[in-house]
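Contents: one structure, followed by commentary.
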Amino acid sequence: MVAGMTPTTVNEQFVAAINNAGYHAEIAGGGMHTEGEMVDKLQALTKLVGPGRGITLNCIYISPQQWGFQFPALLRMRNEGFPIAGLCIGGGVPSLDQALEIINSLRAAGIRHVSFKPSTAETIRHVVRVARASRGFPIVLQWTGGRGGGHHSFEDFHQPILETYATIRSCNNIALVAGSGFGDAEGTLPYVTGDWSIAYGRAPMPFDGILLGSRVMVAQEAGTSPAAKQLIVDTAGLLDSEWNRTYDGAHNGVTTITSEYGEMNHVIATRGAMFIREMYDTVLNQPREKHEKLLLANKDKIISRLNNDYMRPWFGRKTDGRVVDLEEMTYTEVIGRAVELMYIQHQRQWTHESQRTIVIEFVERCECRMSRHVLGAPITVMLGDIDPSEYADLVSNVYPEAATTTLLSEDAEFFKMLCKRRGQKSPMFVVDLGKDFGLLIQKDSIWPSENLDAVVDQDPQRVGIQQGPVAAQYSTVVDEPVKTILDDIYHKHIAALKERLYGGDESSIPVVEYLGADPVAVDLPGSVTVHYSETERVFVLPENTDQLPDTEVWLQAVAGPRKSWLQAWLTAPVILQGTKYAENKIRRLLQPRPGRTVSISMIDSIPQILEVFGADGLLEFKLEYSDGVITQSVFQPAVDRVATLRQRFAYTPATPLTPIAYLEENDVECIRRFIAVTWVDNSDEATKFQEVTDPNVILHSNGITITKNHIRAFCQSIGNYSQCYTYRLDGELFAPLDFFIIAGSPNILQFLYSTVVGDGQLAIVHLTNTVEITADAHLPRVGDKLHTAVKLGGIINQASGKVVTILGTSSVCGKIIATT
């Protein structure tokens with residue numbers, strides 16, 4: 001797998017390339033600064049990944065701001081059907097209570113697994129405690145130790161695993177993944193076979209997977225800038241026994257700095273990285289209240305280093321090139337300098353849209369300060385018609401004083417506030433040497449390695465480039481396809497394991513139907529009658545509800561003792577619909593009901609046809625399998641026919657996460673007609689379904705004469721047990737207000753199931769209804785002939801779906817008595 005790492009796997013196209021090559025990859029949330037950015041990224045990734053492949057988000061738990069919006073948004077997107085399969089929690093392991101709360105939320109949303117990245121032997125044990133308390137929820141334990149690129153622990157890679165391996169393996173819902181310092185098949189194979197631990201006098205301790213990060217930063221699809229890729233390739237790196245030398249300085253092109261989160265970070269030893277290291281060694285390791293004094297004492301030297309070596313130069317500069325403080329600049333000099341540092345002229349785009357907002361808001365401030373009378377439109381209206389490089393000239397032409405007036409102190413503070421505002425991309429400059437200096441120079445400091453055009457002189461030596469000190473030695477070629485990099489390791493592993501375990505004889509390798517949990521052996525209660533033969537399995541359920549088997553036990557029994565398309569369908573929590581996840585309704589259709597009979601026909605022990613008969617002996621449901629296609633038929637008796645809904649599904653064992661998928665040719669019209677026959681043609685009123693194509697049409701009913709049975713049946717169905725609707729001394733029974741809706745329901749359904757409202761009828765939900773009695777009208781009573789007229793009130797598209805409003809009137813003897 002490829003780990004989530006900012007900025008490399010923030011790139012959804014790179015993540016999709018890894019995913020579609022057949023490998024697991026995490027999209028990094030560290031580069032998503034707003035919920036909107038996150039939603040856009042995951043929507044784009046959903047369109048790029050192949051069907052049946054899940055998405056896993058890597059979220060930085062140590063960042064409350066990002067975790068605060070990313071975790072809820074992830075749950076919501078999964079509930080909306082996006083193929084969110086997992087969450088990786090980086091930057092710390094939550095407490096036991098918090099971790100279990102997170103896992104319960106993931107389970108409820110249908111997310112399949114969670115990853116933790118412990119940093120010590122003790123946090124490994126903490127993850128095991130979480131796993132044991134999680135009721136079997138799948139957990140991936142990613143272990144990287146201290147040699148991993150980017151953020152890492154201080155631990156030796158091997159010793160903590162030697163201490164905790166038995167504890168980890170005592171918990172069967174943990175998958176153990178090794179990462180850091182890897183880059184080829186030879187170096188990773190011992191961790192797959194477990195041979196690495198033999199050198200320590202232990203039994204083999206195999207890992208379940210291998211994690212790569214630094215190695216793929218030079219891949220063709222990676223967004224790393226070409227010059228940054230070349231720097232990585234030119235870096236010699238260190239041996240496993242040498243990696244901790246980077247804490248003392250630069251060694252073989254790699255060093256260690258302190259990140260914005262206060263964590264140690266392995267990076268290429270660029271001039272920019274060495275400047276950050278120097279700042280931490282001399283200033284930022286001191287108490288925060290001392291920072292400003294220390295910075296000002298070395299102001300000239302620090303500004304010189306910023307301008308010569310770092311990605312964020314000093315902002316203050318006069319038009320003639322002199323270095324100054326912000327307060328010494330004029331209003332137009334600030335505007336021009338801001339555009340120079342935040343607008344990439346040759347790309348004709350801002351480094352981020354939020355940085356255009358900074359400039360626009362300062363121009364507005366400038367206009368408020370300079371204008372002495374009300375002009376026509378504000379000057380910002382004109383900015384949209386010119387190149388940003390002309391903003392300062394436009395302002396000086398309209399307000400000449402702006403070119404000669406230096407900033408008032410409150411306007412200087414206003415500009416600093418704009419630059420430090422939360423929820424936006426950090427500007428590519430340093431505006432002052434205040435108490436926030438450490439945060440400003442480090443915040444969001446890795447992304448420029450993927451966009452050197454946003455850096456002064458496009459110099460890769462100014463930027464931070466994360467890289468593992470050991471893994472750096474394996475990157476020797478720029479722009480190798482990521483599939484080639486990963487396939488080389490994978491296929492060499494396969495060849496080595498085939499030779500080691502099977503003597504090179506491929507025919508002796510066991511074959512499985514698909515990768516997934518093995519069928520569970522279950523015992524049905526004695527109340528269920530079971531008949532077995534070589535060609536058929538028959539289950540007869542008892543007629544007494546209290547004697548029905550547990551649903552999960554029942555479905556496992558029906559699925560059978562071996563992996564098959566039926567086993568996959570009955571155990572899959574979701575079905576793939578396009579690129580999104582949909583509810584697996586087969587589990588509800590097959591749940592145990594009194595008197596049901598389930599018959600399964602088999603060939604060579606593989607189910608071919610499954611039929612479900614009701615207690616009355618009528619066929620209710622049928623599944624047929626042939627050449628990877630499953631045909632599902634649902635039968636519903638109507639007045640003069642049996643309505644049939646047929647849908648086709650693909651069985652794809654190669655994608656075990658979603659082994660069942662809707663076929664695109666499933667006919668929306670077939671679904672609509674099935675429901676129409678069931679609910680309209682099958683109603684008490686003799687109404688045949690007719691397609692509604694005119695949204696302005698009014699549908700009139702033939703009328704329904706109310707009887708006592710109508711009222712009693714309706715009240716029973718809605719749980720209304722009021723005596724006034726079942727018995728009156730005077731013998732005159734009235735119907736509840738809701739009865740008006742029932743009287744008009746055939747025509748209401750005609751609208752809902754017609755093409756005029758689009759598709760989605762299988763997921764329809766009744767939200768609300770309102771009934772108003774007209775003046776001097778009485779409630780409908782037994783003997784009244786009730787006529788209804790309904791029309792379409794409106795269709796509103798919302799995030800949760802389409803909201804359809806139906807309006808209607810009810811009348812008796814030609815007089816309207818209620819509106820709905």
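Residues are referred to by chain and number: the chain letter is A, B, ... according to the order shown in the structure tokens, the number counts from 1 in that chain, and ligands are numbered separately from 1 in the order shown.
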Checklist entry - Leaving out region 770-778 of chain A and any residue of its chain fewer than 3 positions from it, which residues lie within 10 Å of it when counting only C-alpha atoms, given as a VMD selection string? => result chain A and resid 734 737 to 741 781 807 to 812 815 to 820
Next on the checklist: Based on the backbone DSSP call, show me all residues of region 709-784 of chain A assigned strand (DSSP E or B), as number ranges by chain.
Outcome noted: A: 734, 772-773, 781
Any chance you can output those residues with all heavy atoms as a JSON list (two decimals), in the first residue's frame?
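The new file selection_1.json reads:
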```json
[["chain", "number", "residue", "atom", "x", "y", "z"],
["A", 734, "PHE", "N", -67.37, 8.64, 11.50],
["A", 734, "PHE", "CA", -66.59, 9.58, 10.70],
["A", 734, "PHE", "C", -65.21, 9.01, 10.45],
["A", 734, "PHE", "O", -64.69, 8.20, 11.23],
["A", 734, "PHE", "CB", -66.46, 10.92, 11.44],
["A", 734, "PHE", "CG", -67.75, 11.69, 11.54],
["A", 734, "PHE", "CD1", -68.60, 11.51, 12.62],
["A", 734, "PHE", "CD2", -68.13, 12.57, 10.54],
["A", 734, "PHE", "CE1", -69.79, 12.21, 12.72],
["A", 734, "PHE", "CE2", -69.32, 13.27, 10.62],
["A", 734, "PHE", "CZ", -70.16, 13.09, 11.71],
["A", 772, "GLU", "N", -56.52, 20.55, 5.58],
["A", 772, "GLU", "CA", -57.28, 21.69, 6.10],
["A", 772, "GLU", "C", -58.75, 21.54, 5.70],
["A", 772, "GLU", "O", -59.06, 21.39, 4.51],
["A", 772, "GLU", "CB", -56.73, 23.01, 5.56],
["A", 772, "GLU", "CG", -55.33, 23.34, 6.04],
["A", 772, "GLU", "CD", -54.87, 24.71, 5.56],
["A", 772, "GLU", "OE1", -55.71, 25.43, 4.96],
["A", 772, "GLU", "OE2", -53.69, 25.05, 5.77],
["A", 773, "ILE", "N", -59.62, 21.55, 6.72],
["A", 773, "ILE", "CA", -61.06, 21.47, 6.46],
["A", 773, "ILE", "C", -61.57, 22.85, 6.08],
["A", 773, "ILE", "O", -61.24, 23.86, 6.72],
["A", 773, "ILE", "CB", -61.81, 20.98, 7.71],
["A", 773, "ILE", "CG1", -61.30, 19.58, 8.11],
["A", 773, "ILE", "CG2", -63.32, 20.94, 7.47],
["A", 773, "ILE", "CD1", -61.62, 18.51, 7.11],
["A", 781, "ARG", "N", -67.84, 10.81, 6.27],
["A", 781, "ARG", "CA", -68.49, 9.79, 7.09],
["A", 781, "ARG", "C", -68.97, 8.64, 6.21],
["A", 781, "ARG", "O", -68.99, 8.76, 4.97],
["A", 781, "ARG", "CB", -69.66, 10.39, 7.86],
["A", 781, "ARG", "CG", -70.68, 11.09, 6.98],
["A", 781, "ARG", "CD", -71.57, 11.99, 7.79],
["A", 781, "ARG", "NE", -72.39, 12.86, 6.96],
["A", 781, "ARG", "CZ", -73.01, 13.94, 7.40],
["A", 781, "ARG", "NH1", -72.92, 14.27, 8.67],
["A", 781, "ARG", "NH2", -73.73, 14.69, 6.59]]
```
Checklist outcome for this item: In terms of only C-alpha atoms, the residue from A:Thr167, A:Gln461, A:Gln70, A:Asn104 at minimal distance from Val127 (chain A) is A:Thr167
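Between Thr8 (chain A) and the candidates A:Asp184, A:Glu620, A:Asp411, A:Glu450, the tightest atom-to-atom separation, counting only C-alpha atoms, involves A:Glu450.
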Considering only C-alpha atoms, give me a table of residues in region 296-393 of chain A that are at most 6 Å from region 427-443 of chain A, with the closest atom pair and distance in Å for each, as a tab-separated table.
```
residue	atom	partner	partner_atom	distance
A:Arg312	CA	A:Phe429	CA	4.1
A:Pro313	CA	A:Phe429	CA	5.0
A:Trp314	CA	A:Val430	CA	5.0
A:Phe315	CA	A:Val431	CA	5.2
```
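Considering the residues A:Val697, A:Leu752, A:Ala557, A:Ala273 and counting only C-alpha atoms, Arg537 (chain A) has its shortest atom-to-atom contact with A:Ala557.
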Item to check | Which residue of A:Ile358, A:Ile575, A:Leu239, A:Ile62 approaches Tyr651 (chain A) most closely, using only C-alpha atoms | outcome: A:Ile575
Checklist entry - What lies within 7 Å of Arg646 (chain A) using only C-alpha atoms, ignoring chain neighbours under 4 positions off, as a ChimeraX atom specification? => result /A:631-634
Item to check | DSSP-assigned helix (DSSP H, G or I) members of region 138-274 of chain A, reported as an MDAnalysis selection string | outcome: chainID A and resid 145:147 159:169 185:193 195:200 214:218 226:233 243:248 271:274
Next on the checklist: Quick one: residues within 10 Å of Gln716 (chain A), only C-alpha atoms, excluding same-chain residues fewer than 5 positions away - as a ChimeraX atom specification?
Outcome noted: /A:711,721,726
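Atom pair CA of Arg147 (chain A) / CA of Met205 (chain A): separated by 19.8 Å.
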Next on the checklist: I'd like the neighbourhood of Pro190 (chain A) as a PyMOL selection string, where a residue qualifies if any of its atoms comes within 12 Å (using only C-alpha atoms), though same-chain residues fewer than 2 positions away should be ignored.
Outcome noted: chain A and resi 178+182+184-188+192-199+204-210+493+496-497
Next on the checklist: I'd like the neighbourhood of region 342-357 of chain A as a PyMOL selection string, where a residue qualifies if any of its atoms comes within 12 Å (using only C-alpha atoms), though same-chain residues fewer than 2 positions away should be ignored.
Outcome noted: chain A and resi 33-34+37+312-313+315+334-340+359-364+380+383-384+386-391+415+418-429+447-448+450-458
Next on the checklist: List the spatial neighbours of Glu221 (chain A) as a ChimeraX atom specification - criterion: any atom at most 8 Å away, only C-alpha atoms, same-chain residues fewer than 6 positions off excluded.
Outcome noted: /A:13-14,17,479,481-482
Restricted to N, CA, C and O atoms, what would the selected residues look like written as an mmCIF file, in the first residue's frame?
```cif
data_model
loop_
_atom_site.group_PDB
_atom_site.id
_atom_site.type_symbol
_atom_site.label_atom_id
_atom_site.label_comp_id
_atom_site.auth_asym_id
_atom_site.auth_seq_id
_atom_site.Cartn_x
_atom_site.Cartn_y
_atom_site.Cartn_z
ATOM 1 N N GLN A 13 -5.505 12.323 -8.548
ATOM 2 C CA GLN A 13 -5.129 11.573 -9.744
ATOM 3 C C GLN A 13 -4.022 10.563 -9.435
ATOM 4 O O GLN A 13 -4.020 9.443 -9.966
ATOM 5 N N PHE A 14 -3.106 10.940 -8.544
ATOM 6 C CA PHE A 14 -2.054 10.021 -8.138
ATOM 7 C C PHE A 14 -2.631 8.865 -7.323
ATOM 8 O O PHE A 14 -2.295 7.696 -7.537
ATOM 9 N N ALA A 17 -4.344 6.495 -9.617
ATOM 10 C CA ALA A 17 -3.397 5.685 -10.400
ATOM 11 C C ALA A 17 -2.917 4.487 -9.580
ATOM 12 O O ALA A 17 -2.788 3.369 -10.093
ATOM 13 N N ASP A 479 10.351 9.839 -12.686
ATOM 14 C CA ASP A 479 9.169 9.637 -13.532
ATOM 15 C C ASP A 479 8.984 8.195 -14.012
ATOM 16 O O ASP A 479 8.561 7.950 -15.152
ATOM 17 N N PRO A 481 6.576 5.078 -13.898
ATOM 18 C CA PRO A 481 5.151 4.923 -13.560
ATOM 19 C C PRO A 481 4.980 4.239 -12.213
ATOM 20 O O PRO A 481 5.705 3.287 -11.892
ATOM 21 N N VAL A 482 4.024 4.694 -11.417
ATOM 22 C CA VAL A 482 3.842 4.131 -10.088
ATOM 23 C C VAL A 482 3.456 2.657 -10.165
ATOM 24 O O VAL A 482 3.842 1.859 -9.303
#
```
Checklist entry - So, counting only C-alpha atoms, which residue among A:Gly22, A:Pro607, A:Gly464, A:Gly794 is closest to Asp487 (chain A)? => result A:Gly22
Checklist outcome for this item: CA of Ser170 (chain A) to CA of Ile89 (chain A) measures 22.3 Å
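Of note, CA of Gln636 (chain A) and CA of Gln577 (chain A) are spaced 24.2 Å apart.
The nearest approach to Pro469 (chain A) among the residues A:Leu699, A:Ala250, A:Val528, A:Leu623, with only C-alpha atoms taken into account, belongs to A:Ala250.
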